[in-house]
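*Asks:* The structure that follows is given in the form of structure tokens.
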Amino acid sequence: RDGQPQPGGRGVMVPEAWAVPALVAPALAGYLAFHYGAPLEPVATAPAAFFRRRAWGALWMTLGAVLGAALTTAGSPSEALIALGIRLPAEPGRAALWVLVPLAVLVPTLWGASRKPATWRDTPRLRIAHWPQAIRRRNVLAWAAYLAGYELLFRGALILALGALVGPLPAVALGTGIYVFQHLGRGAGECLGSALMGVVFAAMTLDTGSLLPAWLVHLAIATVAGSSGKQLRVNS
């Protein structure tokens with residue numbers, strides 16, 4: 001979008017021919033450091049371990065995305081952050097539509113799906129006998145921090161910053177492909193949903209130039225999927 005710092009310009013730390021690997025490699029390294037650097041859990045029964053893993057993910061994915069942008073974006077560090085979409089949308093009304101329209105479809109769909117046994121293998125991620133208000137608040141905060149790093153990597157580095165280097169369509173194809181790949185093993189339904197939502201997240205990020213709409217929608221998805229349906233009724 002106009003006025004946004006462009007990766008690959010003058011003053012970058014790597015030659016232009018190396019800009020794409022210099023952006024993508026640190027981003028993927030950040031995700032792999034998170035994925036393999038903490039115990040993996042399809043679901044967790046210990047809140048402290050679950051919250052630590054969310055924090056670990058936020059840290060490493062943020063570091064990977066920021067390092068990639070710093071290597072490939074001309075200008076000051078603040079311009080590298082803007083290139084990743086760390087900015088308010090220029091058109092708040094347009095951004096609000098990108099948030100409200102998907103949620104109008106997704107929230108009822110997720111609420112209904114959470115009552116089906118097929119979804120209980122993977123959701124909610126945190127499974128404990130009791131959900132006091134303090135745990136509920138920490139759960140939302142943990143997801144908020146984790147998804148900030150997640151969106152910074154998958155939509156900031158692999159959509160916005162990469163799109164400035166290779167064009168939006170190749171960036172959407174590559175970024176969404178990686179996004180779907182890391183959902184493998186969670187069932188055909190979630191992989192299909194990640195492909196669809198990967199395109200939607202990419203479109204809203206490219207259109208607004210900001211990570212805020214994708215982060216808000218993704219946080220709502222995680223919150224509803226993690227605290228609705230049968231698990232909520234049983235554990236309340």
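Each chain in the structure tokens gets a letter, A, B, ..., in the order shown, and its residues are numbered from 1; ligands are numbered from 1 in order too.
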Would you list the contacts of region 205-214 of chain A as a PDB file with N, CA and C atoms, in the first residue's frame, taking every protein, DNA or RNA residue within 7 Å and counting only C-alpha atoms, but skipping same-chain residues closer than 3 positions in sequence?
*Replies:*
```
ATOM      1  N   ARG A   1       0.850  -1.198   0.000  1.00  0.00           N
ATOM      2  CA  ARG A   1       0.000   0.000   0.000  1.00  0.00           C
ATOM      3  C   ARG A   1       0.881   1.241   0.000  1.00  0.00           C
ATOM      4  N   GLY A  85       3.315  -4.532   9.235  1.00  0.00           N
ATOM      5  CA  GLY A  85       1.900  -4.309   9.538  1.00  0.00           C
ATOM      6  C   GLY A  85       1.626  -3.868  10.957  1.00  0.00           C
ATOM      7  N   ILE A  86       2.656  -3.472  11.693  1.00  0.00           N
ATOM      8  CA  ILE A  86       2.454  -2.980  13.060  1.00  0.00           C
ATOM      9  C   ILE A  86       2.066  -1.509  12.966  1.00  0.00           C
ATOM     10  N   ARG A  87       0.825  -1.284  12.683  1.00  0.00           N
ATOM     11  CA  ARG A  87       0.275   0.047  12.483  1.00  0.00           C
ATOM     12  C   ARG A  87      -1.240  -0.048  12.566  1.00  0.00           C
ATOM     13  N   LEU A  88      -1.895   1.055  12.852  1.00  0.00           N
ATOM     14  CA  LEU A  88      -3.350   1.075  12.812  1.00  0.00           C
ATOM     15  C   LEU A  88      -3.810   1.151  11.365  1.00  0.00           C
ATOM     16  N   PRO A  89      -4.940   0.545  11.032  1.00  0.00           N
ATOM     17  CA  PRO A  89      -5.444   0.649   9.661  1.00  0.00           C
ATOM     18  C   PRO A  89      -5.703   2.092   9.272  1.00  0.00           C
ATOM     19  N   ALA A  90      -5.380   2.428   8.034  1.00  0.00           N
ATOM     20  CA  ALA A  90      -5.611   3.793   7.555  1.00  0.00           C
ATOM     21  C   ALA A  90      -7.097   4.101   7.447  1.00  0.00           C
ATOM     22  N   ALA A  95     -11.515  -1.600   7.898  1.00  0.00           N
ATOM     23  CA  ALA A  95     -10.940  -2.646   8.750  1.00  0.00           C
ATOM     24  C   ALA A  95     -12.016  -3.291   9.619  1.00  0.00           C
ATOM     25  N   TRP A  98     -13.792  -5.912   7.756  1.00  0.00           N
ATOM     26  CA  TRP A  98     -12.982  -7.128   7.638  1.00  0.00           C
ATOM     27  C   TRP A  98     -13.031  -7.969   8.899  1.00  0.00           C
ATOM     28  N   VAL A  99     -13.272  -7.347  10.034  1.00  0.00           N
ATOM     29  CA  VAL A  99     -13.381  -8.085  11.293  1.00  0.00           C
ATOM     30  C   VAL A  99     -14.796  -8.629  11.478  1.00  0.00           C
ATOM     31  N   GLU A 151       0.648 -13.809  14.028  1.00  0.00           N
ATOM     32  CA  GLU A 151       0.246 -12.965  12.906  1.00  0.00           C
ATOM     33  C   GLU A 151       1.410 -12.137  12.390  1.00  0.00           C
ATOM     34  N   ARG A 155       1.376 -13.305   8.679  1.00  0.00           N
ATOM     35  CA  ARG A 155       0.787 -12.257   7.854  1.00  0.00           C
ATOM     36  C   ARG A 155       1.720 -11.057   7.691  1.00  0.00           C
ATOM     37  N   GLY A 156       2.510 -10.732   8.734  1.00  0.00           N
ATOM     38  CA  GLY A 156       3.413  -9.609   8.603  1.00  0.00           C
ATOM     39  C   GLY A 156       4.595  -9.919   7.703  1.00  0.00           C
ATOM     40  N   LEU A 160       2.764  -9.392   4.029  1.00  0.00           N
ATOM     41  CA  LEU A 160       3.040  -7.987   3.734  1.00  0.00           C
ATOM     42  C   LEU A 160       4.472  -7.766   3.256  1.00  0.00           C
ATOM     43  N   PHE A 201      -7.319 -14.099   5.787  1.00  0.00           N
ATOM     44  CA  PHE A 201      -6.383 -13.321   6.603  1.00  0.00           C
ATOM     45  C   PHE A 201      -5.423 -12.523   5.727  1.00  0.00           C
ATOM     46  N   ALA A 202      -4.910 -13.167   4.665  1.00  0.00           N
ATOM     47  CA  ALA A 202      -3.994 -12.466   3.770  1.00  0.00           C
ATOM     48  C   ALA A 202      -4.682 -11.292   3.086  1.00  0.00           C
ATOM     49  N   VAL A 217      -9.598 -11.180  14.573  1.00  0.00           N
ATOM     50  CA  VAL A 217     -10.411 -12.319  14.116  1.00  0.00           C
ATOM     51  C   VAL A 217      -9.823 -13.624  14.635  1.00  0.00           C
ATOM     52  N   HIS A 218      -8.511 -13.765  14.557  1.00  0.00           N
ATOM     53  CA  HIS A 218      -7.875 -15.004  15.007  1.00  0.00           C
ATOM     54  C   HIS A 218      -8.036 -15.189  16.512  1.00  0.00           C
TER      55      HIS A 218
END
```
*Asks:* Based on the backbone DSSP call, show me all residues of region 8-174 of chain A assigned alpha helix (DSSP H), as a ChimeraX atom specification.
*Replies:* /A:19-37,47-72,77-83,92-113,133-151,162-166,168-174
*Asks:* In Å to one decimal, how far is CA of Arg52 (chain A) from CA of Phe181 (chain A)?
*Replies:*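 CA of Arg52 (chain A) lies 23.9 Å from CA of Phe181 (chain A).
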*Asks:* Report the distance between CA of Leu152 (chain A) and CA of Cys191 (chain A) in Å, rounded to one decimal place.
*Replies:*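 We find that CA of Leu152 (chain A) and CA of Cys191 (chain A) lie 20.6 Å from each other.
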*Asks:* Do you know which residues are at most 12 Å from Ile135 (chain A) counting only C-alpha atoms, after dropping those on the same chain fewer than 4 positions away, and could you put them as a list of chain:residue names?
*Replies:* A:Ala46, A:Pro47, A:Ala48, A:Phe50, A:Phe51, A:Leu126, A:Arg127, A:Ile128, A:Ala129, A:His130, A:Trp131, A:Asn139, A:Val140, A:Leu141, A:Ala142, A:Ser227, A:Ser236
*Asks:* Any chance you can output those residues with all heavy atoms as a compact mmCIF listing (two decimals), in the first residue's frame?
*Replies:*
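Written out: selection02.txt:
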```
# COMPACT_ATOMS: atom_id res chain seq x y z
N ALA A 46 -2.09 -28.93 32.18
CA ALA A 46 -1.44 -28.09 33.19
C ALA A 46 -1.44 -26.65 32.70
O ALA A 46 -0.73 -26.33 31.73
CB ALA A 46 -0.02 -28.57 33.45
N PRO A 47 -2.21 -25.77 33.32
CA PRO A 47 -2.28 -24.39 32.83
C PRO A 47 -0.93 -23.71 32.73
O PRO A 47 -0.65 -23.01 31.75
CB PRO A 47 -3.18 -23.71 33.86
CG PRO A 47 -4.03 -24.80 34.41
CD PRO A 47 -3.14 -26.01 34.43
N ALA A 48 -0.05 -23.89 33.73
CA ALA A 48 1.24 -23.19 33.71
C ALA A 48 2.06 -23.58 32.48
O ALA A 48 2.66 -22.72 31.83
CB ALA A 48 2.01 -23.49 34.99
N PHE A 50 0.93 -24.78 29.66
CA PHE A 50 0.23 -24.26 28.48
C PHE A 50 0.56 -22.80 28.27
O PHE A 50 0.87 -22.37 27.15
CB PHE A 50 -1.27 -24.47 28.65
CG PHE A 50 -2.08 -23.91 27.52
CD1 PHE A 50 -2.24 -24.61 26.33
CD2 PHE A 50 -2.71 -22.67 27.63
CE1 PHE A 50 -3.00 -24.10 25.29
CE2 PHE A 50 -3.46 -22.16 26.60
CZ PHE A 50 -3.60 -22.87 25.42
N PHE A 51 0.50 -22.00 29.33
CA PHE A 51 0.76 -20.56 29.21
C PHE A 51 2.23 -20.30 28.86
O PHE A 51 2.53 -19.37 28.11
CB PHE A 51 0.37 -19.85 30.50
CG PHE A 51 -1.11 -19.93 30.81
CD1 PHE A 51 -1.56 -20.06 32.12
CD2 PHE A 51 -2.04 -19.91 29.79
CE1 PHE A 51 -2.91 -20.14 32.40
CE2 PHE A 51 -3.40 -20.00 30.06
CZ PHE A 51 -3.84 -20.12 31.36
N LEU A 126 -6.51 -26.32 26.11
CA LEU A 126 -6.29 -26.44 27.55
C LEU A 126 -7.49 -27.15 28.17
O LEU A 126 -8.62 -26.68 28.09
CB LEU A 126 -6.11 -25.06 28.19
CG LEU A 126 -5.94 -25.03 29.71
CD1 LEU A 126 -4.72 -25.84 30.14
CD2 LEU A 126 -5.82 -23.59 30.19
N ARG A 127 -7.25 -28.30 28.81
CA ARG A 127 -8.33 -29.08 29.40
C ARG A 127 -8.06 -29.31 30.88
O ARG A 127 -7.14 -30.03 31.24
CB ARG A 127 -8.48 -30.43 28.67
CG ARG A 127 -8.75 -30.23 27.19
CD ARG A 127 -9.09 -31.52 26.49
NE ARG A 127 -9.18 -31.30 25.07
CZ ARG A 127 -9.53 -32.23 24.18
NH1 ARG A 127 -9.83 -33.45 24.60
NH2 ARG A 127 -9.58 -31.96 22.89
N ILE A 128 -8.85 -28.65 31.68
CA ILE A 128 -8.72 -28.76 33.13
C ILE A 128 -10.11 -28.96 33.71
O ILE A 128 -11.13 -28.68 33.07
CB ILE A 128 -8.05 -27.51 33.73
CG1 ILE A 128 -8.76 -26.25 33.27
CG2 ILE A 128 -6.58 -27.47 33.37
CD1 ILE A 128 -8.17 -24.97 33.84
N ALA A 129 -10.15 -29.45 34.93
CA ALA A 129 -11.43 -29.79 35.55
C ALA A 129 -12.28 -28.56 35.86
O ALA A 129 -13.50 -28.62 35.80
CB ALA A 129 -11.18 -30.59 36.83
N HIS A 130 -11.63 -27.45 36.21
CA HIS A 130 -12.38 -26.25 36.58
C HIS A 130 -11.79 -25.04 35.86
O HIS A 130 -10.58 -24.94 35.69
CB HIS A 130 -12.33 -26.04 38.09
CG HIS A 130 -12.87 -27.19 38.88
ND1 HIS A 130 -14.21 -27.48 38.97
CD2 HIS A 130 -12.22 -28.16 39.59
CE1 HIS A 130 -14.38 -28.57 39.71
NE2 HIS A 130 -13.19 -29.00 40.09
N TRP A 131 -12.67 -24.13 35.46
CA TRP A 131 -12.27 -22.93 34.74
C TRP A 131 -12.65 -21.69 35.56
O TRP A 131 -13.61 -21.00 35.22
CB TRP A 131 -12.94 -22.87 33.37
CG TRP A 131 -12.30 -23.74 32.35
CD1 TRP A 131 -12.45 -25.08 32.19
CD2 TRP A 131 -11.38 -23.32 31.33
NE1 TRP A 131 -11.70 -25.53 31.14
CE2 TRP A 131 -11.04 -24.47 30.58
CE3 TRP A 131 -10.83 -22.08 30.98
CZ2 TRP A 131 -10.16 -24.42 29.51
CZ3 TRP A 131 -9.96 -22.04 29.91
CH2 TRP A 131 -9.63 -23.19 29.18
N ASN A 139 -6.07 -17.36 30.00
CA ASN A 139 -6.17 -18.06 28.73
C ASN A 139 -6.30 -17.08 27.57
O ASN A 139 -5.61 -17.20 26.55
CB ASN A 139 -7.37 -19.01 28.77
CG ASN A 139 -7.44 -19.89 27.54
OD1 ASN A 139 -6.49 -20.57 27.17
ND2 ASN A 139 -8.60 -19.87 26.88
N VAL A 140 -7.17 -16.09 27.73
CA VAL A 140 -7.35 -15.09 26.66
C VAL A 140 -6.07 -14.28 26.47
O VAL A 140 -5.63 -14.04 25.33
CB VAL A 140 -8.54 -14.17 26.98
CG1 VAL A 140 -8.62 -13.03 25.96
CG2 VAL A 140 -9.85 -14.95 26.97
N LEU A 141 -5.44 -13.87 27.56
CA LEU A 141 -4.20 -13.10 27.46
C LEU A 141 -3.08 -13.91 26.81
O LEU A 141 -2.29 -13.38 26.02
CB LEU A 141 -3.77 -12.61 28.84
CG LEU A 141 -4.66 -11.54 29.48
CD1 LEU A 141 -4.21 -11.26 30.91
CD2 LEU A 141 -4.63 -10.25 28.65
N ALA A 142 -3.01 -15.21 27.16
CA ALA A 142 -1.97 -16.06 26.57
C ALA A 142 -2.17 -16.19 25.06
O ALA A 142 -1.22 -16.10 24.28
CB ALA A 142 -1.99 -17.44 27.23
N SER A 227 -13.40 -22.27 24.43
CA SER A 227 -14.21 -22.13 25.63
C SER A 227 -15.69 -22.30 25.38
O SER A 227 -16.51 -21.77 26.13
CB SER A 227 -13.97 -20.74 26.25
OG SER A 227 -14.35 -19.73 25.34
N SER A 236 -17.44 -25.84 33.51
CA SER A 236 -17.78 -24.60 34.20
C SER A 236 -18.14 -24.90 35.65
O SER A 236 -18.63 -25.97 35.97
CB SER A 236 -18.95 -23.91 33.51
OG SER A 236 -18.56 -23.51 32.21
```
